[in-house]
$ cat coords_15.txt   # compact mmCIF, C-alpha atoms
# COMPACT_ATOMS: atom_id res chain seq x y z
CA MET O 274 78.31 -23.93 71.55
CA ASP O 275 80.04 -20.93 70.03
CA VAL O 276 80.07 -20.75 66.24
CA LEU O 277 82.65 -18.45 64.62
CA TYR O 278 82.88 -17.14 61.07
CA PHE O 279 85.90 -15.64 59.32
CA ALA O 280 86.68 -13.73 56.11
CA TRP O 281 83.89 -13.80 53.48
CA VAL O 282 81.88 -16.30 55.53
CA ARG O 283 81.71 -13.68 58.31
CA GLU O 284 80.75 -10.98 55.80
CA ARG O 285 78.07 -13.09 54.14
CA ILE O 286 76.45 -14.12 57.41
CA GLY O 287 76.93 -10.67 58.88
CA LEU O 288 78.45 -11.52 62.26
CA PRO O 289 81.75 -12.87 63.61
CA ARG O 290 80.39 -15.24 66.26
CA GLU O 291 77.21 -16.43 67.88
CA THR O 292 76.08 -18.93 70.46
CA VAL O 293 74.00 -21.73 69.00
CA GLU O 294 71.77 -24.20 70.83
CA THR O 295 72.06 -27.39 68.85
CA SER O 296 71.71 -31.13 69.09
CA ALA O 297 73.69 -31.66 65.88
CA VAL O 298 75.78 -34.84 65.98
CA THR O 299 78.24 -33.89 63.22
CA VAL O 300 79.47 -30.70 61.56
CA ASN O 301 77.30 -31.57 58.55
CA ASP O 302 74.22 -31.68 60.80
CA LEU O 303 75.11 -28.26 62.21
CA VAL O 304 75.54 -26.89 58.67
CA ASP O 305 72.08 -28.23 57.74
CA GLU O 306 70.55 -26.49 60.77
CA LEU O 307 72.26 -23.19 59.94
CA ARG O 308 71.31 -23.39 56.24
CA ALA O 309 67.66 -23.81 57.17
CA ARG O 310 67.67 -20.59 59.23
CA GLU O 311 67.88 -17.82 56.67
CA GLU O 312 68.96 -17.07 53.13
CA ARG O 313 72.28 -15.52 54.23
CA TYR O 314 73.26 -18.79 55.93
CA ALA O 315 72.15 -20.84 52.93
CA ALA O 316 74.28 -18.58 50.72
CA ALA O 317 77.36 -18.85 52.95
CA PHE O 318 77.10 -22.65 53.14
CA ALA O 319 76.08 -23.21 49.50
CA ASP O 320 79.39 -24.84 48.54
CA LEU O 321 81.11 -26.78 51.33
CA GLY O 322 84.02 -27.45 48.97
CA ALA O 323 84.88 -23.75 49.36
CA LEU O 324 84.86 -23.95 53.17
CA ARG O 325 87.02 -25.31 55.95
CA VAL O 326 85.97 -26.09 59.50
CA ALA O 327 87.79 -26.16 62.83
CA ILE O 328 86.50 -27.78 66.02
CA ASP O 329 87.97 -26.28 69.20
CA GLN O 330 90.63 -24.53 67.08
CA GLU O 331 91.80 -27.64 65.21
CA LEU O 332 91.07 -28.32 61.53
CA ALA O 333 88.43 -31.02 61.13
CA ASP O 334 86.27 -32.71 58.49
CA PHE O 335 82.62 -31.96 57.86
CA ASP O 336 81.66 -35.47 58.96
CA ALA O 337 83.49 -35.04 62.30
CA ARG O 338 81.41 -35.48 65.44
CA LEU O 339 80.67 -32.50 67.67
CA ALA O 340 80.42 -34.34 71.00
CA GLY O 341 81.96 -32.12 73.68
CA ALA O 342 82.91 -29.33 71.25
CA ARG O 343 82.84 -25.81 72.70
CA GLU O 344 83.75 -23.87 69.56
CA VAL O 345 83.21 -24.52 65.85
CA ALA O 346 84.62 -22.15 63.21
CA PHE O 347 83.83 -21.88 59.49
CA PHE O 348 86.12 -20.11 57.04
CA PRO O 349 87.48 -20.20 53.47
CA PRO O 350 90.81 -21.91 52.63
CA MET O 351 93.59 -20.06 54.44
CA THR O 352 95.91 -17.57 52.74
CA GLY O 353 98.80 -16.91 55.11
CA GLY O 354 102.38 -16.07 54.27
CA MET P 138 111.22 -21.20 69.69
CA ARG P 139 109.54 -17.86 69.17
CA ILE P 140 106.01 -17.53 67.74
CA ALA P 141 104.54 -14.04 67.45
CA VAL P 142 101.22 -12.93 65.95
CA GLN P 143 101.09 -9.16 66.11
CA GLN P 144 99.72 -6.00 64.56
CA GLU P 145 102.90 -3.96 65.07
CA PRO P 146 105.82 -3.89 62.60
CA PHE P 147 108.90 -5.97 63.43
CA ASP P 148 112.60 -5.41 62.86
CA PRO P 149 114.26 -8.49 61.28
CA ALA P 150 117.76 -7.41 62.36
CA ALA P 151 116.69 -6.98 65.97
CA GLU P 152 114.82 -10.30 65.90
CA LEU P 153 117.94 -12.11 64.68
CA ARG P 154 120.42 -10.61 67.12
CA ASP P 155 120.28 -13.47 69.61
CA PHE P 156 118.64 -16.04 67.38
CA GLY P 157 120.32 -19.43 67.07
CA ALA P 158 122.88 -18.86 69.81
CA GLY P 159 124.52 -22.17 70.63
CA ASP P 160 125.37 -25.14 68.44
CA THR P 161 124.51 -23.50 65.10
CA GLY P 162 126.27 -23.54 61.73
CA ALA P 163 123.53 -22.03 59.55
CA ILE P 164 120.69 -19.53 59.89
CA VAL P 165 118.14 -19.07 57.11
CA THR P 166 115.58 -16.27 57.17
CA PHE P 167 112.68 -15.43 54.93
CA VAL P 168 110.82 -12.12 55.06
CA GLY P 169 107.50 -11.73 53.23
CA VAL P 170 106.61 -8.25 51.92
CA VAL P 171 103.23 -6.87 50.78
CA ARG P 172 103.53 -6.43 47.01
CA ASP P 173 101.30 -4.32 44.79
CA ASN P 174 98.67 -6.11 42.69
CA GLU P 175 98.83 -6.55 38.89
CA VAL P 176 96.94 -3.31 38.26
CA GLY P 177 99.12 -1.36 40.67
CA ASP P 178 96.31 0.13 42.75
CA LEU P 179 96.56 -1.77 46.03
CA GLU P 180 95.67 0.57 48.87
CA THR P 181 95.66 -1.82 51.81
CA MET P 182 96.19 -5.53 52.41
CA GLU P 183 93.84 -6.43 55.25
CA ILE P 184 94.89 -9.55 57.14
CA GLU P 185 92.38 -11.33 59.36
CA HIS P 186 93.23 -14.23 61.66
CA TYR P 187 91.71 -16.57 64.24
CA PRO P 188 93.15 -15.54 67.62
CA GLY P 189 94.10 -18.60 69.64
CA MET P 190 94.05 -21.05 66.76
CA THR P 191 96.65 -19.02 64.87
CA GLU P 192 99.25 -19.24 67.64
CA ALA P 193 98.52 -22.94 68.20
CA ALA P 194 98.74 -23.76 64.47
CA LEU P 195 102.03 -21.87 64.03
CA ALA P 196 103.53 -23.54 67.11
CA GLY P 197 102.46 -26.95 65.80
CA ILE P 198 104.07 -26.30 62.40
CA ALA P 199 107.26 -24.97 64.02
CA GLU P 200 107.49 -27.95 66.40
CA GLU P 201 107.19 -30.34 63.47
CA ALA P 202 109.97 -28.50 61.60
CA GLU P 203 112.15 -28.53 64.72
CA ARG P 204 111.68 -32.28 65.07
CA ARG P 205 112.22 -33.19 61.39
CA TRP P 206 115.37 -31.14 60.87
CA SER P 207 116.75 -31.16 64.44
CA LEU P 208 116.71 -27.38 64.49
CA GLY P 209 118.59 -25.47 67.14
CA ASP P 210 116.05 -22.67 67.00
CA VAL P 211 112.99 -21.60 65.02
CA MET P 212 111.03 -18.34 64.76
CA VAL P 213 107.76 -17.37 63.10
CA ILE P 214 106.40 -13.81 63.16
CA HIS P 215 103.18 -12.98 61.31
CA ARG P 216 101.32 -9.68 61.32
CA TYR P 217 97.61 -8.96 60.97
CA GLY P 218 95.57 -5.81 60.38
CA GLY P 219 95.89 -3.31 57.53
CA LEU P 220 99.25 -3.26 55.73
CA LYS P 221 100.53 -1.08 52.89
CA THR P 222 102.64 -2.05 49.85
CA GLY P 223 106.26 -2.60 50.89
CA GLU P 224 105.47 -3.40 54.51
CA ARG P 225 106.94 -6.56 56.01
CA ILE P 226 104.14 -8.98 56.65
CA MET P 227 105.87 -12.03 58.14
CA MET P 228 109.19 -13.72 58.72
CA VAL P 229 110.51 -17.17 59.50
CA ALA P 230 113.98 -18.07 60.71
CA THR P 231 115.59 -21.46 61.22
CA ALA P 232 118.89 -22.34 62.87
CA ALA P 233 120.60 -25.67 62.26
CA ARG P 234 124.09 -27.17 62.22
CA HIS P 235 124.09 -27.30 58.39
CA ARG P 236 122.54 -25.10 55.70
CA LYS P 237 120.55 -27.84 53.93
CA ALA P 238 118.44 -28.46 57.03
CA ALA P 239 118.02 -24.73 57.66
CA PHE P 240 116.87 -24.05 54.06
CA GLU P 241 114.54 -27.05 53.90
CA ALA P 242 112.96 -26.29 57.26
CA ALA P 243 112.35 -22.67 56.22
CA GLU P 244 110.61 -23.84 53.03
CA TYR P 245 108.55 -26.30 55.02
CA LEU P 246 107.46 -23.55 57.42
CA MET P 247 106.47 -21.29 54.51
CA ASP P 248 104.54 -24.02 52.68
CA TYR P 249 102.59 -24.98 55.79
CA LEU P 250 101.85 -21.54 57.09
CA LYS P 251 100.46 -20.51 53.69
CA SER P 252 97.64 -23.04 53.81
CA ARG P 253 97.44 -24.38 57.38
CA ALA P 254 97.65 -21.26 59.54
CA PRO P 255 94.31 -19.42 59.86
CA PHE P 256 95.05 -16.14 58.09
CA TRP P 257 92.96 -14.57 55.32
CA LYS P 258 94.05 -11.71 53.07
CA LYS P 259 91.75 -9.11 51.56
CA GLU P 260 92.96 -6.67 48.91
CA ILE P 261 91.49 -3.19 49.18
CA THR P 262 91.99 -1.27 45.94
CA ARG P 263 90.68 1.95 44.41
CA SER P 264 87.99 -0.10 42.64
CA GLY P 265 86.83 -2.17 45.60
CA ALA P 266 87.76 -4.99 47.95
CA GLU P 267 88.32 -8.66 47.26
CA TRP P 268 89.36 -11.68 49.33
CA VAL P 269 92.52 -13.33 48.03
CA ALA P 270 91.67 -16.86 46.85
CA ALA P 271 93.83 -19.77 47.97
CA LYS P 272 95.95 -21.20 45.15
CA ALA P 273 95.85 -24.87 44.20
CA ASP P 274 99.66 -24.69 43.90
CA ASP P 275 99.95 -23.79 47.57
CA GLU P 276 97.91 -26.80 48.59
CA ALA P 277 99.87 -29.05 46.20
CA ALA P 278 103.16 -27.78 47.69
CA LEU P 279 102.38 -29.70 50.89
CA ASP P 280 102.59 -33.04 49.07
CA ARG P 281 106.36 -32.92 48.80
CA TRP P 282 106.74 -33.01 52.58
$ encode --input "coords_15.txt" --output "structure tokens"
Amino acid sequence: MDVLYFAWVRERIGLPRETVETSAVTVNDLVDELRAREERYAAAFADLGALRVAIDQELADFDARLAGAREVAFFPPMTGG
Amino acid sequence: MRIAVQQEPFDPAAELRDFGAGDTGAIVTFVGVVRDNEVGDLETMEIEHYPGMTEAALAGIAEEAERRWSLGDVMVIHRYGGLKTGERIMMVATAARHRKAAFEAAEYLMDYLKSRAPFWKKEITRSGAEWVAAKADDEAALDRW
């Protein structure tokens, strides 16, 4: 699936999107896999309270299931307006 | 309904020319402008967004406003990219039969697009760059709806 990063999450990880091979069942499982990769991922995902997630471009919870998801995005709380 | 996510400037007067034609008694507009920071050294406000999700989120918020206040028309324009102090960053417009509905719907649109539309602001100043943090007040503002 495609994993996208925005704002400081993108800067901390160092790329805007990547394709990830995963068997993660939930968003939390995917976060655990990413954290285990490298320090920059662990740093970006250190505090999930400071992050939001969208599955296929809709806001979701971290315990949401990923079955059938094509795109998962991680970003800080939004600041539009 | 008109939803636009664009880099280019927009002209509020031109946008409103044909807005709300039909059974309308009130049009409310709000235009957001990039203001300088407390120190007064803002060089650029960089606005990032999530193409695809942004348009869908704005349309969802506008449809909900249209339904709740029986709006005759609704418009949301939001820019992205690098903006300077004084530039117009976004606008919303609502058309209804009565002003109360038009005002309330405009406030609703503003409250929701502040914390539910995927935009992120970064302030670039003479001393560096910093992401604008979301305010607890903005999140709390959603509770009244």
$ atom_distance --input "coords_15.txt" --atom1 "CA of Glu185 in chain P" --atom2 "CA of Arg313 in chain O"
21.2 Å
$ interface_residues --input "coords_15.txt" --of "chain P" --to "chain O" --cutoff "9 Å" --atoms "all atoms listed in the file" --output "count of residues only"
32
$ atom_distance --input "coords_15.txt" --atom1 "CA of Phe347 in chain O" --atom2 "CA of Gly218 in chain P"
19.9 Å
$ atom_distance --input "coords_15.txt" --atom1 "CA of Ala297 in chain O" --atom2 "CA of Ala333 in chain O"
15.5 Å
$ residues_around --input "coords_15.txt" --residues "Arg343 in chain O" --least-positions-apart "3" --cutoff "8 Å" --atoms "only C-alpha atoms" --output "MDAnalysis selection string"
chainID O and resid 274:275 328:329
$ closest_residue --input "coords_15.txt" --among "P:Leu220, P:Leu208, P:Val170, P:Ala266" --to "His235 in chain P" --atoms "only C-alpha atoms"
P:Leu208
$ residues_around --input "coords_15.txt" --residues "range 301-305 of chain O" --least-positions-apart "4" --cutoff "7 Å" --atoms "only C-alpha atoms" --output "PDB file with C-alpha atoms, keeping the file's coordinate frame"
ATOM      1  CA  ALA O 297      73.690 -31.660  65.880  1.00  0.00           C
ATOM      2  CA  ALA O 309      67.660 -23.810  57.170  1.00  0.00           C
ATOM      3  CA  PHE O 335      82.620 -31.960  57.860  1.00  0.00           C
ATOM      4  CA  ASP O 336      81.660 -35.470  58.960  1.00  0.00           C
TER       5      ASP O 336
END
$ closest_residue --input "coords_15.txt" --among "P:Glu175, P:Ala199, P:Ala141, P:Leu153" --to "Arg216 in chain P" --atoms "all atoms listed in the file"
P:Ala141
$ axis_aligned_box --input "coords_15.txt" --around "range 314-321 of chain O" --padding-each-side "5 Å" --output "AutoDock Vina command-line options"
--center_x 76.6 --center_y -22.7 --center_z 52.2 --size_x 19.0 --size_y 18.2 --size_z 17.4
$ closest_residue --input "coords_15.txt" --among "P:Glu260, P:Glu267, P:Asp275, P:Glu201" --to "Leu246 in chain P" --atoms "only C-alpha atoms"
P:Glu201
$ closest_residue --input "coords_15.txt" --among "O:Leu339, O:Glu306, O:Gly322, O:Ala317" --to "Arg283 in chain O" --atoms "all atoms listed in the file"
O:Ala317
$ closest_residue --input "coords_15.txt" --among "P:Gly209, P:Pro146, P:Gly265, P:Gly219" --to "Ala232 in chain P" --atoms "all atoms listed in the file"
P:Gly209
$ residues_around --input "coords_15.txt" --residues "Val165 in chain P" --least-positions-apart "6" --cutoff "9 Å" --atoms "all atoms listed in the file" --output "list of chain:residue names"
P:Val229, P:Ala230, P:Thr231, P:Ala232, P:Ala233, P:Arg236, P:Ala239, P:Phe240, P:Ala242, P:Ala243
$ write_last_selection --input "coords_15.txt" --atoms "C-alpha atoms" --output "compact mmCIF listing (two decimals), in the coordinates of the input"
# COMPACT_ATOMS: atom_id res chain seq x y z
CA VAL P 229 110.51 -17.17 59.50
CA ALA P 230 113.98 -18.07 60.71
CA THR P 231 115.59 -21.46 61.22
CA ALA P 232 118.89 -22.34 62.87
CA ALA P 233 120.60 -25.67 62.26
CA ARG P 236 122.54 -25.10 55.70
CA ALA P 239 118.02 -24.73 57.66
CA PHE P 240 116.87 -24.05 54.06
CA ALA P 242 112.96 -26.29 57.26
CA ALA P 243 112.35 -22.67 56.22
